[in-house]
Structures are given as C-alpha cells and as structure tokens.
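Dropping target26.pdb in here (PDB, C-alpha atoms, pLDDT in the B column):
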ATOM      1  CA  MET W  21    -116.441  64.697-122.055  1.00 43.00           C
ATOM      2  CA  THR W  22    -114.254  61.718-121.338  1.00 44.00           C
ATOM      3  CA  SER W  23    -112.679  63.256-118.231  1.00 44.00           C
ATOM      4  CA  ILE W  24    -116.112  64.042-116.740  1.00 47.00           C
ATOM      5  CA  HIS W  25    -117.307  60.495-117.289  1.00 43.00           C
ATOM      6  CA  SER W  26    -114.067  59.101-115.902  1.00 44.00           C
ATOM      7  CA  HIS W  27    -114.494  61.205-112.760  1.00 46.00           C
ATOM      8  CA  ILE W  28    -118.086  60.022-112.316  1.00 47.00           C
ATOM      9  CA  SER W  29    -117.072  56.394-112.757  1.00 44.00           C
ATOM     10  CA  VAL W  30    -114.311  56.748-110.180  1.00 45.00           C
ATOM     11  CA  ARG W  31    -116.773  58.298-107.708  1.00 49.00           C
ATOM     12  CA  ILE W  32    -119.284  55.461-108.156  1.00 46.00           C
ATOM     13  CA  VAL W  33    -116.613  52.778-107.786  1.00 45.00           C
ATOM     14  CA  SER W  34    -115.199  54.531-104.714  1.00 50.00           C
ATOM     15  CA  MET W  35    -118.607  54.568-103.032  1.00 52.00           C
ATOM     16  CA  THR W  36    -119.190  50.915-103.860  1.00 51.00           C
ATOM     17  CA  TYR W  37    -116.058  49.991-101.925  1.00 62.00           C
ATOM     18  CA  LYS W  38    -116.649  52.600 -99.225  1.00 77.00           C
ATOM     19  CA  TYR W  39    -120.045  51.285 -98.133  1.00 82.00           C
ATOM     20  CA  SER W  40    -121.594  47.893 -97.542  1.00 92.00           C
ATOM     21  CA  PRO W  41    -124.884  47.146 -99.291  1.00 93.00           C
ATOM     22  CA  HIS W  42    -126.780  48.022 -96.081  1.00 94.00           C
ATOM     23  CA  GLN W  43    -124.901  51.308 -95.771  1.00 95.00           C
ATOM     24  CA  MET W  44    -125.719  52.188 -99.398  1.00 95.00           C
ATOM     25  CA  LEU W  45    -129.413  51.650 -98.655  1.00 96.00           C
ATOM     26  CA  LEU W  46    -129.118  53.715 -95.487  1.00 97.00           C
ATOM     27  CA  ARG W  47    -127.391  56.507 -97.429  1.00 96.00           C
ATOM     28  CA  GLN W  48    -130.150  56.385-100.049  1.00 96.00           C
ATOM     29  CA  GLU W  49    -132.834  56.613 -97.345  1.00 98.00           C
ATOM     30  CA  ALA W  50    -130.978  59.445 -95.573  1.00 98.00           C
ATOM     31  CA  LEU W  51    -130.721  61.447 -98.800  1.00 97.00           C
ATOM     32  CA  LYS W  52    -134.392  60.862 -99.593  1.00 97.00           C
ATOM     33  CA  ILE W  53    -135.394  62.169 -96.151  1.00 97.00           C
ATOM     34  CA  LEU W  54    -132.998  65.115 -96.119  1.00 96.00           C
ATOM     35  CA  LEU W  55    -133.645  66.222 -99.688  1.00 94.00           C
ATOM     36  CA  GLY W  56    -137.381  65.911 -99.109  1.00 93.00           C
ATOM     37  CA  GLN W  57    -137.241  67.973 -95.938  1.00 92.00           C
ATOM     38  CA  PHE W  58    -134.574  70.547 -96.799  1.00 90.00           C
ATOM     39  CA  GLY W  59    -133.826  70.326-100.534  1.00 88.00           C
ATOM     40  CA  SER W  60    -136.539  72.732-101.606  1.00 85.00           C
ATOM     41  CA  LYS W  61    -136.323  75.223 -98.731  1.00 84.00           C
ATOM     42  CA  ASN W  62    -135.644  78.798 -99.772  1.00 85.00           C
ATOM     43  CA  ASN W  63    -134.481  81.734 -97.708  1.00 81.00           C
ATOM     44  CA  GLU W  64    -136.261  85.097 -97.569  1.00 85.00           C
ATOM     45  CA  LYS W  65    -134.578  86.137-100.849  1.00 87.00           C
ATOM     46  CA  GLY W  66    -135.908  83.075-102.661  1.00 86.00           C
ATOM     47  CA  LEU W  67    -132.493  81.420-102.893  1.00 82.00           C
ATOM     48  CA  PRO W  68    -131.880  77.851-101.714  1.00 84.00           C
ATOM     49  CA  LYS W  69    -131.497  77.846 -97.925  1.00 84.00           C
ATOM     50  CA  TYR W  70    -129.319  74.716 -97.997  1.00 86.00           C
ATOM     51  CA  GLN W  71    -126.930  73.879-100.812  1.00 86.00           C
ATOM     52  CA  SER W  72    -127.151  70.268-101.940  1.00 89.00           C
ATOM     53  CA  HIS W  73    -123.563  69.509-100.934  1.00 90.00           C
ATOM     54  CA  ILE W  74    -124.519  70.256 -97.300  1.00 91.00           C
ATOM     55  CA  ILE W  75    -127.350  67.732 -97.480  1.00 94.00           C
ATOM     56  CA  TYR W  76    -125.063  65.120 -99.038  1.00 95.00           C
ATOM     57  CA  GLU W  77    -122.389  65.841 -96.441  1.00 94.00           C
ATOM     58  CA  CYS W  78    -124.876  65.246 -93.639  1.00 95.00           C
ATOM     59  CA  ALA W  79    -125.973  61.927 -95.159  1.00 96.00           C
ATOM     60  CA  GLU W  80    -122.330  60.857 -95.520  1.00 95.00           C
ATOM     61  CA  GLN W  81    -121.627  61.753 -91.888  1.00 95.00           C
ATOM     62  CA  TRP W  82    -124.750  59.926 -90.740  1.00 96.00           C
ATOM     63  CA  VAL W  83    -123.721  56.686 -92.427  1.00 96.00           C
ATOM     64  CA  ALA W  84    -120.043  57.016 -91.443  1.00 94.00           C
ATOM     65  CA  SER W  85    -121.074  57.478 -87.795  1.00 95.00           C
ATOM     66  CA  GLY W  86    -122.431  53.934 -87.764  1.00 95.00           C
ATOM     67  CA  ASN W  87    -126.137  54.712 -87.574  1.00 96.00           C
ATOM     68  CA  LEU W  88    -128.271  51.710 -88.469  1.00 96.00           C
ATOM     69  CA  ASN W  89    -131.402  53.620 -89.499  1.00 97.00           C
ATOM     70  CA  CYS W  90    -132.514  57.185 -90.103  1.00 98.00           C
ATOM     71  CA  ASP W  91    -134.248  57.758 -86.774  1.00 97.00           C
ATOM     72  CA  GLY W  92    -133.168  61.209 -85.627  1.00 96.00           C
ATOM     73  CA  ILE W  93    -131.553  62.359 -88.868  1.00 97.00           C
ATOM     74  CA  ILE W  94    -133.719  65.500 -89.124  1.00 95.00           C
ATOM     75  CA  LYS W  95    -132.786  66.543 -85.590  1.00 95.00           C
ATOM     76  CA  HIS W  96    -129.129  65.770 -86.364  1.00 95.00           C
ATOM     77  CA  PHE W  97    -129.230  67.905 -89.520  1.00 94.00           C
ATOM     78  CA  LEU W  98    -130.807  70.830 -87.702  1.00 92.00           C
ATOM     79  CA  SER W  99    -128.324  70.606 -84.831  1.00 92.00           C
ATOM     80  CA  ILE W 100    -125.411  70.964 -87.255  1.00 90.00           C
ATOM     81  CA  TYR W 101    -126.805  73.015 -90.137  1.00 86.00           C
ATOM     82  CA  GLY W 102    -129.863  74.741 -88.631  1.00 82.00           C
ATOM     83  CA  GLY W 103    -128.131  78.116 -88.657  1.00 75.00           C
ATOM     84  CA  TYR W 104    -126.480  77.532 -92.029  1.00 69.00           C
ATOM     85  CA  ASN W 105    -126.774  80.366 -94.509  1.00 60.00           C
ATOM     86  CA  ALA W 106    -126.110  79.320 -98.115  1.00 59.00           C
ATOM     87  CA  GLU W 107    -125.284  82.884 -99.109  1.00 58.00           C
ATOM     88  CA  ASN W 108    -122.079  82.702 -97.065  1.00 54.00           C
ATOM     89  CA  TYR W 109    -120.759  79.625 -98.883  1.00 50.00           C
TER      90      TYR W 109
END

For this file, write the structure as structure tokens.
Amino acid sequence: MTSIHSHISVRIVSMTYKYSPHQMLLRQEALKILLGQFGSKNNEKGLPKYQSHIIYECAEQWVASGNLNCDGIIKHFLSIYGGYNAENY
C-alpha cells in the first residue's frame, strides 16, 4: 500500500511543478470536455472506443502546446485519435 501512495504523491507533486495554476485549470477543463465527449463512447462490440490514457494524453499535449483555452480541442482530438481502435492497444 505504501508504494502505491508514494507513487501517487510523486505524480501529484510532479504535476504541481509541471504546470502553472492557469495550466492546471486548463488541463482540468480539457479533461472535462474530452472525458464528457469521448470517455463513454463504445465501439460496436460494446468495449470502450477510447482508453482513458489516450484522453489524458491528449489533454497533456493540449496544455503543453501552449493553448490558452479549450477552443478546438474536440477537433484536435479527432484529428489525432479519430481512427484510434482501443482493441489494438
């Protein structure tokens, strides 16, 4: 148990130093939009179409690219991951 909690703490501290307060809010907004739009999508077999790590990766890229708001994030996601098939990963 201790190692799991230590890993989580390290991740939270790392993100705190990685992003400014504005970037943390932008990341939160990006995740809310992306998870709302794509987090519950299923493929024809009823399995998740997009794994959550793909959604988080997109949000991370969005913030790291210097975007100041989430305008266009859905289009960005679809341009990169639109043909993504979770069964192959």

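Closest to Ile74 (chain W) among W:Tyr39, W:Phe97, W:Gly92, W:Gln48 is W:Phe97, based on only C-alpha atoms.
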
_At a cut-off of 9 Å, using only C-alpha atoms, what residues contact His96 (chain W)? Leave out same-chain residues fewer than 5 positions from it and give the result as a PyMOL selection string._
chain W and resi 78+82+101

*CA of Lys61 (chain W) to CA of Asp91 (chain W), distance in Å rounded to a single decimal*: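 A separation of 21.3 Å between them.
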
*Would you work out the distance separating CA of Gly102 (chain W) from CA of Met44 (chain W), expressed in Å to one decimal?*
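For CA of Gly102 (chain W) relative to CA of Met44 (chain W), the distance reads 25.3 Å.
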
*Between W:Gly56, W:Glu77, W:Leu67, W:Ala50, single out the one closest to Cys90 (chain W), counting only C-alpha atoms.*
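Distance minimum relative to Cys90 (chain W) lands on W:Ala50.
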
_Nearby residues (all atoms listed in the file) at most 8 Å from Val83 (chain W), same-chain spacing under 3 positions excluded, as a list in words_ =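 The neighbour list is Gln43, Leu46, Arg47, Ala79, Glu80, Gly86, Asn87 and Leu88 of chain W.
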
*Counting all atoms listed in the file, the option among W:Pro68, W:Tyr76, W:Ile100, W:Ser85 closest to Lys52 (chain W)*: W:Tyr76

*How far is it from CA of Leu54 (chain W) to CA of Gly66 (chain W), in Å with one decimal?*
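Going from CA of Leu54 (chain W) over to CA of Gly66 (chain W), I get 19.3 Å.
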